[in-house]
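Report on the structure given below.
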Amino acid sequence: MTPLVLDLQDIRKVYGEGETAVHALRGVSLAVEPGDYVAIMGASGSGKSTLMNIIGCLDVPSSGSYRLDGTDVGVLDDVRLAIVRNRKIGFVFQSFNLIPRMSALMNVELPLAYGGIKAAERRRRALAALERVGLADRVHHQPNELSGGQQQRVAIARSLVNAPTLLLADEPTGALDSTSTRDVLAIFDQLSLTGRTIVVITHESDVAAHAKRVVRLMDGQIVEDVRRSDVAGPPPRLEEVAG
Amino acid sequence: MNAFEVLRFAARGLAANKMRSALTTLGILIGVAAVILLVAVGEGASREIQSNIQRLGANSLTVSSTTAGGGGGGGGFARLLGGGGGGPQQGSGPRTQAKDLTVDDARALADKSATPSVKSVSPIVNANNQTTTYEGASHSIQQLVGTYPSYFEASNKPVVKGTYFYNDDVLAARKVIVIGQTVAENLFGDLDPIGKQINVSGVPFTVVGVLKESGSTGFQDGDDVAIAPLPAVQQSLTGFGPLGQILVQATGADTVDAAQSEITAVLDQRHGITGTATADYRILNQATLQETVSAATGVFTMLLAAVAGISLLVGGIGITNIMLVTVTERTREIGIRKAIGAPKGAILGQFLAEATMLSLVGGLLGVLVAVIGAQFTIAGVSPVVVPSSVALALGVSVAIGLFFGSYPANRAAKLRPIEALRFE
């Protein structure tokens with residue numbers, strides 16, 4: 001049996017100490033199977049950003065255990081965490097976070113470079129990833145020469161290029177217009193269809209509507225967990241977008 | 001992530017801020033160029049002084065009298081008794097006071113049995129600033145030397161035109177004279193001075209030769225000289241007083257020290273200097289002089305290098321400064337790189353490589369500037385680039401890049417990705 005992609009047990013995160021301590025997460029347990037498409041929803045202050053940072057191995061929980069693809073992340077040091085981020089997680093951020101003054105191709109190649117892949121192989125895989133998000137004709141453009149939607153698609157290509165176990169998106173459509181939003185969500189649907197595990201953090205119900213499962217977070221706790229379509233099946237809004 | 005990748009990222013990072021990189025490089029450039037150039041100037045000055053000393057004559061020792069010396073001990077008392085006599089005393093008898101150098105001293109030094117290491121001895125009298133005329137042209141000869149023919153060889157003053165004077169001329173006290181280039185030009189212009197008669201302070205001398213040009217040594221014009229037979233000068237210009245100096249040439253470079261101790265022995269005996277007394281003469285050894293001057297110019301060069309080193313240090317701090325700015329400015333980029341899996345080493349390597357590239361490029365350009373600058377005469381000195389200073393300056397500039405870049409690079413590598421990503 002393949003391990004769970006995400007297995008969070010009673011995750012707590014406290015910022016500060018004593019009376020001024022802020023409990024961002026108050027015991028979150030979440031299991032995500034391979035191939036699932038999960039939307040984590042919540043208002044600002046609900047702790048969803050903290051959860052996203054912990055899932056993305058950018059932050060460590062105060063208590064609780066977190067297994068990513070069967071690996072206990074809590075015991076890893078900085079160097080191993082960097083490798084985990086590189087191999088197992090693909091990030092898509094609200095503000096794209098492409099590196100300025102580097103072409104789309106080089107941005108996409110970057111995770112492969114840090115992963116130690118040879119230059120020729122890197123180029124081939126980066127070009128394939130850009131092709132997949134429909135930007136084959138923009139490979140040599142720099143981020144400031146691309147529209148917001150195009151930048152986000154480059155970011156998705158970058159997140160996919162290492163074939164990560166988990167695609168983690170933080171408000172991926174937060175800075176996009178409606179057309180670009182539709183493009184990006186269509187790409188996510190396609191990826192989900194091919195069996196990619198996706199976790200999207202969002203506060204927009206439109207975005208959450210594309211997910212197979214919606215988890216609602218409030219005051220650092222999961223208050224609702226709704227499955228909208230089967231893990232193995234297609235995402236719910238696939239047909240609409242395609243049509 | 002291999003080394004080449006790291007360098008490529010670093011080059012890209014530097015190219016993004018060309019102006020800033022260029023100015024930082026300039027700091028190192030100036031530092032490195034200053035170190036190399038100032039050391040080169042010091043070296044050039046040192047060599048110039050060395051060659052000036054050598055020009056005074058190879059393997060030669062100059063003996064001159066000192067007024068500060070004395071018989072010492074009982075000499076002080078004896079001087080009270082015999083002090084009224086004054087003037088030079090020669091011959092035997094108790095030594096009662098500081099003695100001047102005499103022709104007899106010179107003869108004693110030329111005695112092969114007592115001084116086997118001595119090749120030649122030239123007694124010298126000096127008659128300075130002698131007004132000389134030739135058919136209306138007038139010139140004051142800075143240094144007129146009365147001596148023996150061996151002086152020419154011992155003091156390294158070859159004749160290019162005409163002849164030297166000979167021992168016969170000395171014995172006969174003939175009024176013949178060999179003049180320097182400056183004197184020849186001022187008195188004769190384009191005329192051939194050989195065979196012409198010039199008046200030195202009213203005394204006629206016949207010019208027999210012209211010295212080879214030797215160039216000026218500091219404030220003194222080395223060519224404003226004239227050399228005539230010792231007795232001729234004594235008769236007509238200085239009188240038969242004490243000698244100015246005695247120039248002694250040793251038989252070889254390795255016998256200079258032996259010659260010096262032989263001279264000391266002979267003169268101590270003749271002047272009655274015993275163990276505890278201070279000698280009433282002084283021996284100037286070219287080799288010793290050379291060593292002393294080398295030590296002095298060495299200190300001088302070190303001083304210059306130290307000053308230049310400070311500017312290199314300032315350049316290094318400039319690198320730290322600019323790298324800190326760069327790290328702060330690119331905090332977000334560092335966050336992104338970390339989020340997508342850049343290991344600490346890669347970030348550290350990138351920023352270290354950037355700093356080192358800045359300093360290395362600055363260093364190489366500095367070497368170039370210094371080498372070009374060394375082709376020109378600086379402050380009257382033609383600089384001599386010392387290869388070791390080039391290697392040192394380059395090495396130090398790279399080390400500076402690594403050292404001063406390590407703090408900002410470490411800061412970049414230690415950034416926590418979550419904070420770096422949040423940075424605006």
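In the structure tokens, chains take letters A, B, ... by order of appearance, with residues numbered from 1 within each chain and ligands from 1 in the order shown.
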- Leu303 of chain B environment, 12 Å, only C-alpha atoms, sequence neighbours closer than 3 positions dropped, as a VMD selection string: chain B and resid 35 38 to 39 41 to 42 296 to 300 306 to 310
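Looking only at segment 7-40 of chain A, the set that DSSP places in strand (DSSP E) from backbone geometry is Asp7, Leu8, Gln9, Asp10, Ile11, Arg12, Lys13, Val14, Tyr15, Val22, His23, Ala24, Leu25, Arg26, Gly27, Val28, Ser29, Leu30, Ala31, Val32, Tyr37, Val38, Ala39 and Ile40 of chain A.
Using only C-alpha atoms, the shortest contact distance between chain A and any of B:Gln235, B:Thr328, B:Gln350, B:Asn285 is found at B:Gln350.
Between atom CA of Arg216 of chain A and atom CA of Ile40 of chain A the separation is 5.8 Å.
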- Query: So which residues touch segment 316-324 of chain B within 6 Å, counting only C-alpha atoms, skipping near sequence neighbours fewer than 5 positions away, as an MDAnalysis selection string?
  - Reply: chainID B and resid 400 404:405 408
Contact table chain A vs chain B, cut-off 7 Å, shortest pair per residue, only C-alpha atoms, as a tab-separated table:
```
residue	atom	partner	partner_atom	distance
A:Leu58	CA	B:Ile418	CA	5.6
A:Asp59	CA	B:Ile418	CA	6.8
A:Val79	CA	B:Pro343	CA	6.0
A:Ala82	CA	B:Gly341	CA	4.6
A:Ile83	CA	B:Gly341	CA	5.8
A:Arg85	CA	B:Gly341	CA	4.9
A:Asn86	CA	B:Gly341	CA	3.9
A:Asn97	CA	B:Ile336	CA	6.4
A:Ile99	CA	B:Glu333	CA	6.0
A:Pro111	CA	B:Ile340	CA	5.8
A:Ala113	CA	B:Met1	CA	5.5
A:Tyr114	CA	B:Met1	CA	5.3
A:Gly115	CA	B:Met1	CA	6.9
A:Gly116	CA	B:Met1	CA	4.8
```
Taking N, CA and C atoms for each residue, export the selection above as a CSV table (one decimal), in the first residue's frame.
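Contents of result.csv, freshly written:
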```
chain,number,residue,atom,x,y,z
A,58,LEU,N,8.3,24.6,5.6
A,58,LEU,CA,9.0,25.9,5.7
A,58,LEU,C,9.0,26.3,7.2
A,59,ASP,N,8.2,25.6,8.0
A,59,ASP,CA,8.1,25.9,9.4
A,59,ASP,C,7.9,24.6,10.1
A,79,VAL,N,19.4,20.6,6.2
A,79,VAL,CA,19.9,20.1,4.9
A,79,VAL,C,18.9,19.1,4.3
A,82,ALA,N,15.7,20.8,3.2
A,82,ALA,CA,15.9,21.4,1.9
A,82,ALA,C,15.7,20.3,0.8
A,83,ILE,N,16.2,19.1,1.0
A,83,ILE,CA,16.1,18.1,0.0
A,83,ILE,C,14.6,17.7,-0.1
A,85,ARG,N,12.0,19.6,0.5
A,85,ARG,CA,11.3,20.6,-0.3
A,85,ARG,C,11.6,20.5,-1.8
A,86,ASN,N,12.8,20.2,-2.1
A,86,ASN,CA,13.2,20.1,-3.5
A,86,ASN,C,12.5,18.9,-4.2
A,97,ASN,N,6.3,34.5,-7.1
A,97,ASN,CA,7.6,34.3,-6.5
A,97,ASN,C,8.6,33.7,-7.6
A,99,ILE,N,12.0,34.3,-9.8
A,99,ILE,CA,13.2,35.1,-9.5
A,99,ILE,C,13.4,36.1,-10.7
A,111,PRO,N,14.8,24.4,-9.7
A,111,PRO,CA,14.7,23.3,-8.7
A,111,PRO,C,15.6,22.1,-9.2
A,113,ALA,N,18.3,22.3,-10.9
A,113,ALA,CA,19.7,22.6,-10.6
A,113,ALA,C,20.1,22.3,-9.2
A,114,TYR,N,19.2,22.7,-8.3
A,114,TYR,CA,19.5,22.5,-6.9
A,114,TYR,C,19.4,21.0,-6.6
A,115,GLY,N,18.6,20.2,-7.4
A,115,GLY,CA,18.5,18.8,-7.2
A,115,GLY,C,19.7,18.1,-7.8
A,116,GLY,N,20.5,18.8,-8.5
A,116,GLY,CA,21.7,18.1,-9.1
A,116,GLY,C,21.5,17.4,-10.4
```
- Task: For Val200 of chain A, list every protein, DNA or RNA residue within 7 Å, evaluated using only C-alpha atoms, and leave out those in the same chain fewer than 6 positions away; present the list as a PyMOL selection string.
- Result: chain A and resi 38-40+168-170
- segment 84-207 of chain A: which residues are helix (DSSP H, G or I) by DSSP, as a PyMOL selection string? chain A and resi 84-88+104-115+119-132+136-138+143-145+148-160+178-193+205-207
- Show which residues sit within 9 Å of segment 151-155 of chain A, as a ChimeraX atom specification. Count only C-alpha atoms, and ignore same-chain residues fewer than 6 positions away. /A:91-98,104-105,107-108,129-130,133-135,139,143-144,172-173,176,180,183-184,187
Based on the selection just made, write N, CA, C and O atoms of those residues as a short mmCIF file (atom, residue, chain, number, x, y, z; two decimals), in the first residue's frame.
```
data_model
loop_
_atom_site.label_atom_id
_atom_site.label_comp_id
_atom_site.auth_asym_id
_atom_site.auth_seq_id
_atom_site.Cartn_x
_atom_site.Cartn_y
_atom_site.Cartn_z
N PHE A 91 5.86 24.16 -4.90
CA PHE A 91 5.15 25.32 -4.37
C PHE A 91 4.58 26.18 -5.48
O PHE A 91 5.23 26.45 -6.47
N VAL A 92 3.33 26.65 -5.25
CA VAL A 92 2.79 27.71 -6.09
C VAL A 92 2.29 28.79 -5.13
O VAL A 92 1.49 28.51 -4.24
N PHE A 93 2.83 30.01 -5.30
CA PHE A 93 2.51 31.07 -4.36
C PHE A 93 1.53 32.07 -4.96
O PHE A 93 1.42 32.19 -6.18
N GLN A 94 0.89 32.82 -4.08
CA GLN A 94 -0.03 33.86 -4.55
C GLN A 94 0.70 34.90 -5.40
O GLN A 94 0.21 35.32 -6.44
N SER A 95 1.87 35.28 -4.93
CA SER A 95 2.60 36.33 -5.66
C SER A 95 3.65 35.75 -6.61
O SER A 95 4.67 36.37 -6.87
N PHE A 96 3.38 34.56 -7.10
CA PHE A 96 4.20 33.87 -8.13
C PHE A 96 5.60 33.51 -7.63
O PHE A 96 6.05 32.40 -7.81
N ASN A 97 6.28 34.54 -7.05
CA ASN A 97 7.63 34.29 -6.55
C ASN A 97 8.59 33.69 -7.57
O ASN A 97 9.33 32.76 -7.29
N LEU A 98 8.56 34.28 -8.76
CA LEU A 98 9.60 33.91 -9.72
C LEU A 98 10.81 34.78 -9.41
O LEU A 98 10.68 35.85 -8.82
N ALA A 104 12.03 32.52 -18.02
CA ALA A 104 11.07 31.52 -17.57
C ALA A 104 11.73 30.15 -17.51
O ALA A 104 11.58 29.40 -16.53
N LEU A 105 12.51 29.86 -18.55
CA LEU A 105 13.16 28.55 -18.62
C LEU A 105 14.11 28.36 -17.43
O LEU A 105 14.10 27.31 -16.77
N ASN A 107 14.03 29.88 -14.56
CA ASN A 107 13.25 29.76 -13.34
C ASN A 107 12.77 28.33 -13.13
O ASN A 107 12.80 27.80 -12.03
N VAL A 108 12.32 27.73 -14.23
CA VAL A 108 11.80 26.36 -14.14
C VAL A 108 12.94 25.37 -13.89
O VAL A 108 12.78 24.37 -13.21
N ALA A 129 7.86 20.84 -19.06
CA ALA A 129 6.96 21.39 -18.05
C ALA A 129 6.31 22.67 -18.55
O ALA A 129 5.11 22.90 -18.35
N LEU A 130 7.09 23.51 -19.24
CA LEU A 130 6.54 24.75 -19.77
C LEU A 130 5.53 24.47 -20.88
O LEU A 130 4.50 25.13 -20.99
N VAL A 133 2.14 23.67 -19.45
CA VAL A 133 1.30 24.79 -19.01
C VAL A 133 1.04 25.77 -20.15
O VAL A 133 0.56 26.87 -19.93
N GLY A 134 1.42 25.37 -21.37
CA GLY A 134 1.08 26.17 -22.55
C GLY A 134 1.95 27.41 -22.71
O GLY A 134 1.49 28.42 -23.24
N LEU A 135 3.20 27.34 -22.29
CA LEU A 135 4.06 28.51 -22.44
C LEU A 135 5.31 28.20 -23.27
O LEU A 135 6.36 28.82 -23.09
N VAL A 139 9.50 30.78 -23.38
CA VAL A 139 10.53 30.24 -22.50
C VAL A 139 11.65 31.23 -22.20
O VAL A 139 12.25 31.18 -21.13
N PRO A 143 10.33 37.29 -16.13
CA PRO A 143 9.06 37.45 -15.43
C PRO A 143 8.39 38.80 -15.70
O PRO A 143 7.16 38.84 -15.89
N ASN A 144 9.17 39.89 -15.77
CA ASN A 144 8.52 41.18 -15.96
C ASN A 144 8.01 41.39 -17.38
O ASN A 144 7.38 42.38 -17.68
N PRO A 172 -3.43 30.45 -5.10
CA PRO A 172 -2.79 30.57 -6.41
C PRO A 172 -3.47 31.56 -7.35
O PRO A 172 -2.84 32.06 -8.27
N THR A 173 -4.72 31.87 -7.08
CA THR A 173 -5.44 32.77 -7.99
C THR A 173 -5.68 34.13 -7.36
O THR A 173 -6.36 34.97 -7.92
N LEU A 176 -4.82 37.11 -9.56
CA LEU A 176 -5.09 36.95 -11.00
C LEU A 176 -6.48 37.45 -11.37
O LEU A 176 -7.40 37.45 -10.55
N SER A 180 -7.32 34.50 -16.22
CA SER A 180 -6.12 33.79 -15.78
C SER A 180 -6.48 32.77 -14.72
O SER A 180 -5.94 31.67 -14.68
N ASP A 183 -7.69 29.74 -16.34
CA ASP A 183 -6.56 28.99 -16.94
C ASP A 183 -5.85 28.16 -15.89
O ASP A 183 -5.61 26.96 -16.08
N VAL A 184 -5.54 28.83 -14.78
CA VAL A 184 -4.77 28.16 -13.73
C VAL A 184 -5.57 26.99 -13.15
O VAL A 184 -5.04 25.88 -12.97
N ILE A 187 -5.60 24.05 -15.35
CA ILE A 187 -4.35 23.28 -15.28
C ILE A 187 -4.38 22.36 -14.06
O ILE A 187 -4.01 21.18 -14.14
#
```
- Message: Please list as a ChimeraX atom specification every residue within 9 Å of Ile222 of chain A, counting only C-alpha atoms and excluding residues in the same chain fewer than 2 positions away.
- Response: /A:27-30,215-220,224-225
- Message: I'd like the neighbourhood of Ile89 of chain A as a ChimeraX atom specification, where a residue qualifies if any of its atoms comes within 6 Å (using only C-alpha atoms), though same-chain residues fewer than 2 positions away should be ignored.
- Response: /A:85,164,166-167
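When atom CA of Ala259 of chain B is paired with atom CA of Ser117 of chain B, their separation reads 5.0 Å.
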- Message: Please determine, counting only C-alpha atoms, which residue among B:Ser397, B:Ser294, B:Gln130, B:Ser311 has the shortest atom-to-atom distance to Ile49 of chain B.
- Response: B:Ser294
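The gap separating atom CA of Thr377 of chain B from atom CA of Thr301 of chain B is 16.6 Å, in Å to one decimal.
Distances to Arg67 of chain A were evaluated for A:His141, A:Arg158, A:Lys212, A:Lys88 using only C-alpha atoms, and the minimum falls at A:Lys88.
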